[in-house]
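Text of data-v2.cif (mmCIF, C-alpha atoms) as supplied:
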```
data_data
#
loop_
_atom_site.label_atom_id
_atom_site.label_comp_id
_atom_site.auth_asym_id
_atom_site.auth_seq_id
_atom_site.Cartn_x
_atom_site.Cartn_y
_atom_site.Cartn_z
CA MET A 1 78.21 130.73 148.48
CA THR A 2 81.16 129.61 146.42
CA SER A 3 81.74 127.23 143.57
CA ASP A 4 82.93 123.78 144.61
CA ASP A 5 83.32 120.29 143.20
CA SER A 6 79.86 119.21 144.41
CA THR A 7 78.08 121.91 142.40
CA HIS A 8 80.22 121.17 139.34
CA GLN A 9 78.84 117.63 139.28
CA LEU A 10 75.17 118.58 139.44
CA PRO A 11 73.00 117.91 136.37
CA PRO A 12 72.59 121.11 134.31
CA VAL A 13 69.10 122.09 135.49
CA GLU A 14 69.89 121.31 139.14
CA ASP A 15 73.03 123.41 138.78
CA LEU A 16 71.02 126.33 137.39
CA LEU A 17 68.47 126.05 140.20
CA ASP A 18 71.34 126.12 142.70
CA VAL A 19 72.75 129.25 141.07
CA LEU A 20 69.31 130.93 141.35
CA ASP A 21 68.85 129.91 144.98
CA LEU A 22 70.21 133.18 146.34
CA ARG A 23 71.23 133.44 149.98
CA PRO A 24 69.95 136.44 151.99
CA VAL A 25 72.86 138.17 153.73
CA GLY A 26 71.24 141.11 155.52
CA VAL A 27 70.38 144.75 154.94
CA ALA A 28 72.63 147.73 154.18
CA ARG A 29 71.44 151.21 155.16
CA SER A 30 72.75 154.67 154.34
CA ASN A 31 71.61 158.30 154.52
CA SER A 32 71.96 160.38 151.35
CA VAL A 33 73.06 163.99 151.86
CA ILE A 34 72.94 166.79 149.25
CA THR A 35 74.86 170.08 149.48
CA ALA A 36 73.65 172.81 147.11
CA PRO A 37 76.28 174.40 144.81
CA ASP A 38 75.57 177.85 146.31
CA GLY A 39 76.47 176.66 149.79
CA ALA A 40 72.90 176.38 151.01
CA PRO A 41 72.30 174.09 154.00
CA GLU A 42 72.63 170.38 153.43
CA MET A 43 69.47 168.39 152.73
CA ASP A 44 69.10 165.02 154.43
CA LEU A 45 67.17 162.58 152.28
CA SER A 46 65.27 159.69 153.79
CA GLU A 47 67.29 156.65 154.77
CA ARG A 48 67.84 154.24 151.90
CA SER A 49 68.23 150.52 152.45
CA LEU A 50 69.29 147.61 150.29
CA GLN A 51 68.26 144.02 150.93
CA LEU A 52 71.33 141.93 150.21
CA PHE A 53 71.61 138.50 148.59
CA SER A 54 74.56 136.40 147.46
CA GLY A 55 74.80 133.77 144.73
CA ARG A 56 77.45 131.78 142.93
CA SER A 57 78.10 131.81 139.19
CA GLN A 58 78.28 129.07 136.61
CA GLU A 59 81.90 128.84 135.57
CA THR A 60 82.53 129.59 131.91
CA PRO A 61 85.46 128.78 129.57
CA HIS A 62 86.42 132.46 129.29
CA GLY A 63 86.02 133.15 133.04
CA ARG A 64 83.35 135.85 132.61
CA ALA A 65 79.99 135.42 134.29
CA PHE A 66 77.18 134.86 131.78
CA GLY A 67 75.07 138.02 131.53
CA GLY A 68 71.82 136.06 131.35
CA GLN A 69 72.69 134.43 134.66
CA VAL A 70 73.14 137.81 136.35
CA LEU A 71 69.81 138.96 134.86
CA ALA A 72 68.06 135.84 136.17
CA GLN A 73 69.55 136.24 139.64
CA SER A 74 68.40 139.88 139.66
CA VAL A 75 64.85 138.76 138.87
CA ILE A 76 64.96 136.30 141.78
CA ALA A 77 66.40 138.87 144.20
CA ALA A 78 63.84 141.55 143.28
CA GLY A 79 60.96 139.08 143.30
CA ARG A 80 61.82 137.85 146.77
CA THR A 81 61.67 141.37 148.17
CA VAL A 82 58.27 141.93 146.51
CA ALA A 83 56.96 138.73 148.09
CA SER A 84 58.40 139.58 151.52
CA ALA A 85 56.67 142.98 151.33
CA GLY A 86 53.32 141.19 151.09
CA PHE A 87 52.82 141.29 147.30
CA ALA A 88 53.54 137.69 146.34
CA THR A 89 50.69 137.72 143.80
CA ARG A 90 52.44 140.35 141.64
CA PRO A 91 54.34 138.76 138.74
CA ILE A 92 57.17 140.60 137.01
CA HIS A 93 56.07 142.57 133.95
CA SER A 94 59.28 144.34 132.90
CA LEU A 95 63.00 144.68 133.48
CA HIS A 96 65.50 147.21 132.15
CA ALA A 97 69.16 146.46 132.80
CA TYR A 98 72.58 147.87 131.98
CA PHE A 99 75.64 145.64 131.93
CA ILE A 100 78.39 147.85 133.34
CA ARG A 101 81.40 145.55 133.59
CA PRO A 102 82.08 141.80 133.23
CA GLY A 103 81.88 139.53 136.25
CA ASP A 104 84.24 136.80 137.44
CA SER A 105 82.51 133.43 137.06
CA THR A 106 84.66 131.90 139.82
CA HIS A 107 83.60 134.37 142.51
CA PRO A 108 80.21 134.94 144.22
CA ILE A 109 78.08 137.91 143.17
CA GLU A 110 76.27 140.12 145.69
CA PHE A 111 72.86 141.60 144.88
CA GLY A 112 71.51 144.72 146.57
CA VAL A 113 67.78 145.39 146.11
CA GLU A 114 66.27 148.83 146.73
CA ASN A 115 62.51 149.18 147.17
CA LEU A 116 61.56 152.15 145.00
CA ARG A 117 57.79 151.80 145.39
CA ASP A 118 54.97 149.53 146.48
CA GLY A 119 51.76 151.04 145.10
CA ASN A 120 48.20 149.78 144.74
CA SER A 121 49.02 147.94 141.50
CA PHE A 122 52.78 148.07 140.95
CA SER A 123 55.96 147.28 142.87
CA VAL A 124 59.24 148.67 141.54
CA ARG A 125 62.72 147.54 142.55
CA ARG A 126 66.24 148.58 141.64
CA VAL A 127 68.89 145.87 141.74
CA TYR A 128 72.65 146.26 141.82
CA ALA A 129 74.82 143.22 141.08
CA MET A 130 78.22 143.71 142.70
CA GLN A 131 81.55 141.95 142.84
CA TYR A 132 84.89 143.01 144.32
CA GLY A 133 83.26 146.28 145.40
CA GLN A 134 82.27 147.20 141.84
CA THR A 135 78.89 147.23 140.10
CA LEU A 136 78.46 144.64 137.34
CA LEU A 137 74.82 145.36 136.48
CA SER A 138 72.16 147.89 137.39
CA ALA A 139 68.54 146.98 136.72
CA THR A 140 65.06 148.31 137.39
CA LEU A 141 62.29 145.73 137.61
CA SER A 142 58.53 146.24 137.88
CA PHE A 143 55.88 143.83 139.17
CA GLN A 144 52.14 144.26 138.64
CA GLU A 145 49.00 142.97 140.32
CA PRO A 146 47.09 140.80 137.79
CA ALA A 147 44.51 142.91 135.92
CA GLU A 148 42.04 142.73 133.04
CA GLY A 149 42.35 144.97 129.98
CA LEU A 150 42.79 145.25 126.21
CA ASP A 151 44.38 142.18 124.69
CA HIS A 152 46.09 141.60 121.34
CA GLN A 153 49.43 140.17 120.21
CA ALA A 154 51.75 139.59 117.27
CA ALA A 155 51.34 136.33 115.39
CA MET A 156 53.76 133.48 115.93
CA PRO A 157 55.87 132.75 112.81
CA SER A 158 55.40 129.50 110.94
CA VAL A 159 58.54 127.38 111.41
CA PRO A 160 59.37 123.66 111.64
CA ASP A 161 58.46 122.01 114.95
CA PRO A 162 61.34 121.53 117.44
CA ASP A 163 61.54 117.78 116.84
CA ARG A 164 62.42 118.55 113.21
CA VAL A 165 65.31 120.89 114.12
CA ARG A 166 68.85 119.75 114.94
CA THR A 167 69.90 119.73 118.59
CA THR A 168 73.03 121.47 119.87
CA ALA A 169 74.71 118.07 120.30
CA GLU A 170 73.93 117.20 116.68
CA GLU A 171 75.24 120.57 115.48
CA LEU A 172 78.52 120.06 117.37
CA GLU A 173 79.05 116.34 116.72
CA GLY A 174 82.65 115.55 115.81
CA ILE A 175 83.90 119.10 116.38
CA ASP A 176 87.04 119.59 118.50
CA HIS A 177 86.85 122.99 120.20
CA PRO A 178 87.46 124.06 123.82
CA ALA A 179 83.92 125.44 124.24
CA VAL A 180 82.05 122.45 122.78
CA GLU A 181 81.47 120.65 126.10
CA HIS A 182 80.32 123.91 127.70
CA TRP A 183 77.81 124.49 124.88
CA LYS A 184 76.55 120.91 125.14
CA ARG A 185 76.20 120.96 128.94
CA ARG A 186 73.59 123.70 129.19
CA ALA A 187 70.40 123.63 131.19
CA LEU A 188 68.41 124.48 128.07
CA ASP A 189 67.86 122.53 124.89
CA VAL A 190 68.51 125.18 122.21
CA ARG A 191 67.64 124.44 118.57
CA THR A 192 68.14 127.07 115.88
CA VAL A 193 65.78 126.63 112.94
CA GLU A 194 68.20 128.23 110.47
CA GLY A 195 71.16 126.25 111.83
CA ALA A 196 73.52 127.14 114.68
CA ILE A 197 76.46 129.49 114.10
CA TYR A 198 78.83 128.30 116.81
CA LEU A 199 81.63 127.46 114.37
CA VAL A 200 80.15 127.56 110.85
CA PRO A 201 78.46 130.66 109.34
CA GLY A 202 74.86 130.50 108.21
CA ARG A 203 74.33 129.86 104.50
CA GLN A 204 72.08 132.92 104.23
CA HIS A 205 73.35 136.22 105.63
CA ALA A 206 69.96 137.26 106.98
CA ALA A 207 69.48 139.47 110.04
CA HIS A 208 66.85 137.21 111.58
CA GLN A 209 66.45 133.71 112.97
CA ASN A 210 64.15 131.49 115.06
CA VAL A 211 65.25 129.46 118.07
CA TRP A 212 63.36 126.74 119.96
CA MET A 213 64.23 126.50 123.67
CA LYS A 214 63.22 124.63 126.81
CA THR A 215 64.95 123.34 129.92
CA VAL A 216 66.21 119.77 129.73
CA ALA A 217 64.26 118.83 132.88
CA THR A 218 60.96 119.84 134.47
CA LEU A 219 61.00 122.88 136.76
CA PRO A 220 59.03 123.59 139.96
CA ASP A 221 55.68 125.39 139.54
CA ASP A 222 57.09 128.78 140.55
CA PRO A 223 56.19 131.68 138.18
CA LEU A 224 59.11 133.80 139.44
CA LEU A 225 61.55 130.98 138.67
CA HIS A 226 60.15 130.51 135.15
CA ALA A 227 60.40 134.28 134.54
CA ALA A 228 64.00 134.28 135.78
CA ILE A 229 65.00 131.41 133.50
CA LEU A 230 63.23 133.06 130.57
CA ALA A 231 65.45 136.09 131.25
CA TYR A 232 68.47 133.77 131.48
CA ALA A 233 67.64 132.13 128.15
CA SER A 234 66.78 135.42 126.44
CA ASP A 235 70.46 136.41 126.57
CA TYR A 236 71.75 133.23 124.90
CA SER A 237 71.35 134.10 121.25
CA LEU A 238 69.66 137.46 120.71
CA LEU A 239 72.76 139.02 119.11
CA GLU A 240 73.14 136.09 116.70
CA SER A 241 71.02 137.94 114.15
CA VAL A 242 73.81 140.51 113.97
CA LEU A 243 76.48 137.83 113.54
CA ARG A 244 74.41 135.87 111.01
CA ARG A 245 73.88 138.98 108.88
CA HIS A 246 77.66 139.46 108.57
CA GLY A 247 78.69 135.82 108.19
CA LEU A 248 80.32 135.65 111.65
CA VAL A 249 80.41 132.79 114.18
CA TRP A 250 80.84 132.69 117.97
CA ALA A 251 84.20 130.92 117.68
CA ASP A 252 85.72 133.67 115.49
CA ARG A 253 88.79 134.83 117.44
CA ARG A 254 88.46 138.34 115.98
CA LEU A 255 85.04 138.78 117.59
CA ARG A 256 84.67 140.87 120.75
CA PRO A 257 81.01 140.56 121.78
CA ALA A 258 79.48 141.88 125.01
CA SER A 259 75.94 142.73 126.12
CA LEU A 260 75.46 146.42 126.87
CA ASP A 261 71.84 146.63 127.96
CA HIS A 262 68.79 144.39 128.08
CA ALA A 263 65.06 145.10 128.28
CA MET A 264 62.30 142.54 128.68
CA TRP A 265 58.53 142.73 128.93
CA PHE A 266 56.57 139.78 130.33
CA HIS A 267 53.16 139.90 128.66
CA ARG A 268 51.58 136.60 129.70
CA PRO A 269 52.46 133.66 131.96
CA GLY A 270 54.64 131.01 130.38
CA ARG A 271 56.72 127.96 131.23
CA ILE A 272 60.30 127.56 130.07
CA ASP A 273 60.27 123.79 130.75
CA GLU A 274 57.95 123.54 127.74
CA TRP A 275 58.99 124.49 124.21
CA VAL A 276 59.06 128.22 123.43
CA LEU A 277 59.95 129.82 120.11
CA TYR A 278 62.29 132.81 120.24
CA GLU A 279 61.85 134.91 117.09
CA GLN A 280 64.87 137.21 116.66
CA GLU A 281 65.91 140.02 114.34
CA SER A 282 68.47 142.79 114.15
CA PRO A 283 67.23 146.05 112.62
CA SER A 284 70.60 147.80 112.89
CA ALA A 285 74.32 147.49 113.56
CA SER A 286 76.64 150.50 113.64
CA GLY A 287 79.41 152.06 115.68
CA GLY A 288 80.63 148.68 116.93
CA ARG A 289 77.18 147.94 118.38
CA GLY A 290 74.33 145.73 117.23
CA LEU A 291 70.67 145.78 118.23
CA GLY A 292 68.66 142.60 118.69
CA LEU A 293 64.87 142.39 119.06
CA GLY A 294 63.00 139.26 120.04
CA LYS A 295 59.60 137.76 120.76
CA ILE A 296 59.11 134.59 122.81
CA PHE A 297 56.05 132.47 122.00
CA ALA A 298 54.58 129.43 123.74
CA LEU A 299 54.02 126.33 121.64
CA ASP A 300 50.32 127.22 121.32
CA GLY A 301 51.19 130.62 119.79
CA LYS A 302 50.72 132.75 122.91
CA LEU A 303 53.17 135.69 123.06
CA ILE A 304 54.91 135.41 126.43
CA CYS A 305 57.67 138.05 126.24
CA SER A 306 59.24 140.75 124.12
CA VAL A 307 62.97 141.42 124.38
CA ALA A 308 65.45 144.08 123.23
CA GLN A 309 69.19 144.09 123.65
CA GLU A 310 72.07 146.15 122.33
CA GLY A 311 75.51 144.60 122.40
CA MET A 312 79.04 145.48 121.53
CA VAL A 313 79.97 143.55 118.39
CA ARG A 314 83.54 144.44 117.51
CA VAL A 315 85.66 142.56 115.00
CA LYS A 316 89.39 143.08 115.53
CA GLU A 317 92.07 141.75 113.23
#
```
Could you spell out this file's structure in structure tokens?
Amino acid sequence: MTSDDSTHQLPPVEDLLDVLDLRPVGVARSNSVITAPDGAPEMDLSERSLQLFSGRSQETPHGRAFGGQVLAQSVIAAGRTVASAGFATRPIHSLHAYFIRPGDSTHPIEFGVENLRDGNSFSVRRVYAMQYGQTLLSATLSFQEPAEGLDHQAAMPSVPDPDRVRTTAEELEGIDHPAVEHWKRRALDVRTVEGAIYLVPGRQHAAHQNVWMKTVATLPDDPLLHAAILAYASDYSLLESVLRRHGLVWADRRLRPASLDHAMWFHRPGRIDEWVLYEQESPSASGGRGLGLGKIFALDGKLICSVAQEGMVRVKE
């Protein structure tokens, strides 16, 4: 699957759905062999196989594939193998990913999914996102059979409702910058309660913020798809708490940001085509890295997800 003019003209949500509609491309198999350092006989491990998928990227102004997109595609790829193994009722409950190198947004990405385990309650998958023969991302994802148990959650913060917060288009009105049209043409309506920091620093240098999000059109009733787009959206702004704390903006040419790793826990079902509040904070930045922590709440206060991400946040003169 490659980028073409027809996909470029799709409305933003349709374009995102097309990006997440991965194409199965077969199975790769290999035998792992271990030779002991003392020269003992080789040990043949069981055959390992990867279910392969391919998907296109959304082109970006800087040419690098958006990390949240690769996360979302990994969720779809892993989830499809769980369903094909006969466990379609198991929703994702966690993902842990490392971003290893940037991807080319003009070239398809291949996804290899390894089945690590299908147990009585849990299914675990490892996903490799690959391009040009190199690994872009490695992730482990776990899916769980629905179960009853202890139940408590953090409280949703009290913030203005989304209709009282400026839209991205309003934040960027009248601004001439190469990335403005890209920021405006996103599949999600993103509204930062404390004010966006695309081009202008926040008035208060606080290491926390709150962001309202939802897709600009209704999505199909597919829990895996909603989880994937939650993962996609979770990567949009989590490091902004680091930038806000130090009076930086995304358009600062000195800034060299990049996601390093990403963890996400899906606590309860939720829809991303309805408003969710993304509470974000950064407890630490050091060594050219910044840590972002987040909680995603439904409009009724239900805690849907918790998120953690460390990113490279370098400022070069």
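The gap separating CA of Pro61 in chain A from CA of Arg166 in chain A is 23.9 Å, in Å to one decimal.
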* **Expected answer as number ranges by chain: all residues with atoms within 8 Å of (61.3, 132.8, 124.3), only C-alpha atoms** => A: 212-213, 230, 233-234, 272, 276-279, 294-298, 304-305
* **the PyMOL selection byres ((chain A and resi 48) around 6) applied to the shown file, residues as a VMD selection string** => chain A and resid 29 to 30 47 49
Can you spell out as a compact mmCIF listing (two decimals) with C-alpha atoms, in the frame of the given file the set of residues that the PyMOL selection byres ((chain A and resi 116-126) around 6) selects in the structure I just provided?
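Below is the file that was written, expr19.txt:
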```
# COMPACT_ATOMS: atom_id res chain seq x y z
CA VAL A 113 67.78 145.39 146.11
CA GLU A 114 66.27 148.83 146.73
CA ASN A 115 62.51 149.18 147.17
CA VAL A 127 68.89 145.87 141.74
CA ALA A 139 68.54 146.98 136.72
CA THR A 140 65.06 148.31 137.39
CA LEU A 141 62.29 145.73 137.61
CA SER A 142 58.53 146.24 137.88
CA PHE A 143 55.88 143.83 139.17
CA GLN A 144 52.14 144.26 138.64
CA GLU A 145 49.00 142.97 140.32
```
* **Hits from the PyMOL selection byres ((chain A and resi 250) around 8), listed as JSON, numbers by chain** => {"A": [197, 198, 199, 248, 249, 251, 252, 255]}
Got time to write the residues from that selection, C-alpha atoms, as a CSV table (one decimal), in the frame of the given file?
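Below you can see out21.csv, which holds the result:
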```csv
chain,number,residue,atom,x,y,z
A,197,ILE,CA,76.5,129.5,114.1
A,198,TYR,CA,78.8,128.3,116.8
A,199,LEU,CA,81.6,127.5,114.4
A,248,LEU,CA,80.3,135.6,111.6
A,249,VAL,CA,80.4,132.8,114.2
A,251,ALA,CA,84.2,130.9,117.7
A,252,ASP,CA,85.7,133.7,115.5
A,255,LEU,CA,85.0,138.8,117.6
```
* To do: Could you give me, as a ChimeraX atom specification, the residues within 7 Å of Met264 in chain A, counting all atoms listed in the file and dropping anything in the same chain fewer than 6 positions from it?
  => /A:94-96,305-308
Could the centre and edge lengths of an axis-aligned box, enclosing all atoms of range 232-239 of chain A in the file with 6 Å extra on each side, be given in Å to one decimal as AutoDock Vina command-line options?
```
--center_x 69.8 --center_y 135.6 --center_z 125.3 --size_x 18.0 --size_y 18.9 --size_z 24.4
```
* To do: Determine the nearest neighbour of Gly79 in chain A from the options A:Pro223, A:Pro108, A:Gly287, A:Gly55, counting only C-alpha atoms.
  =>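 Comparing A:Pro223, A:Pro108, A:Gly287, A:Gly55 against Gly79 in chain A, the winner is A:Pro223.
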* Rounded to one decimal in Å, what is the spacing between CA of Glu171 in chain A and CA of Ala196 in chain A? ->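 Computing the Euclidean distance for CA of Glu171 in chain A and CA of Ala196 in chain A yields 6.8 Å.
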Fix up range 68-84 of chain A with N, CA, C and O atoms, then write it as a tab-separated table (two decimals), keeping the file's coordinate frame.
```tsv
chain	number	residue	atom	x	y	z
A	68	GLY	N	73.16	136.55	131.10
A	68	GLY	CA	71.82	136.06	131.35
A	68	GLY	C	71.65	135.51	132.75
A	68	GLY	O	70.58	135.61	133.36
A	69	GLN	N	72.73	134.92	133.28
A	69	GLN	CA	72.69	134.43	134.66
A	69	GLN	C	72.51	135.58	135.65
A	69	GLN	O	71.70	135.49	136.58
A	70	VAL	N	73.24	136.67	135.44
A	70	VAL	CA	73.14	137.81	136.35
A	70	VAL	C	71.75	138.44	136.25
A	70	VAL	O	71.16	138.87	137.25
A	71	LEU	N	71.19	138.49	135.03
A	71	LEU	CA	69.81	138.96	134.86
A	71	LEU	C	68.84	138.09	135.65
A	71	LEU	O	67.97	138.60	136.38
A	72	ALA	N	68.97	136.77	135.50
A	72	ALA	CA	68.06	135.84	136.17
A	72	ALA	C	68.16	135.97	137.69
A	72	ALA	O	67.14	135.96	138.41
A	73	GLN	N	69.37	136.09	138.20
A	73	GLN	CA	69.55	136.24	139.64
A	73	GLN	C	68.95	137.56	140.12
A	73	GLN	O	68.39	137.62	141.23
A	74	SER	N	69.01	138.60	139.30
A	74	SER	CA	68.40	139.88	139.66
A	74	SER	C	66.89	139.76	139.74
A	74	SER	O	66.25	140.36	140.62
A	75	VAL	N	66.29	138.99	138.82
A	75	VAL	CA	64.85	138.76	138.87
A	75	VAL	C	64.47	138.05	140.16
A	75	VAL	O	63.50	138.44	140.84
A	76	ILE	N	65.24	137.03	140.54
A	76	ILE	CA	64.96	136.30	141.78
A	76	ILE	C	65.09	137.22	142.99
A	76	ILE	O	64.22	137.25	143.88
A	77	ALA	N	66.17	137.99	143.05
A	77	ALA	CA	66.40	138.87	144.20
A	77	ALA	C	65.26	139.90	144.34
A	77	ALA	O	64.72	140.09	145.43
A	78	ALA	N	64.91	140.55	143.23
A	78	ALA	CA	63.84	141.55	143.28
A	78	ALA	C	62.51	140.90	143.65
A	78	ALA	O	61.75	141.42	144.48
A	79	GLY	N	62.22	139.76	143.03
A	79	GLY	CA	60.96	139.08	143.30
A	79	GLY	C	60.81	138.66	144.74
A	79	GLY	O	59.70	138.70	145.31
A	80	ARG	N	61.90	138.25	145.36
A	80	ARG	CA	61.82	137.85	146.77
A	80	ARG	C	61.47	139.03	147.66
A	80	ARG	O	60.74	138.89	148.64
A	81	THR	N	61.99	140.22	147.34
A	81	THR	CA	61.67	141.37	148.17
A	81	THR	C	60.22	141.82	147.96
A	81	THR	O	59.59	142.34	148.88
A	82	VAL	N	59.68	141.61	146.76
A	82	VAL	CA	58.27	141.93	146.51
A	82	VAL	C	57.39	140.98	147.32
A	82	VAL	O	56.43	141.40	147.97
A	83	ALA	N	57.74	139.71	147.32
A	83	ALA	CA	56.96	138.73	148.09
A	83	ALA	C	57.05	139.00	149.58
A	83	ALA	O	56.04	138.95	150.30
A	84	SER	N	58.24	139.34	150.08
A	84	SER	CA	58.40	139.58	151.52
A	84	SER	C	57.70	140.86	151.96
A	84	SER	O	57.41	141.03	153.15
```
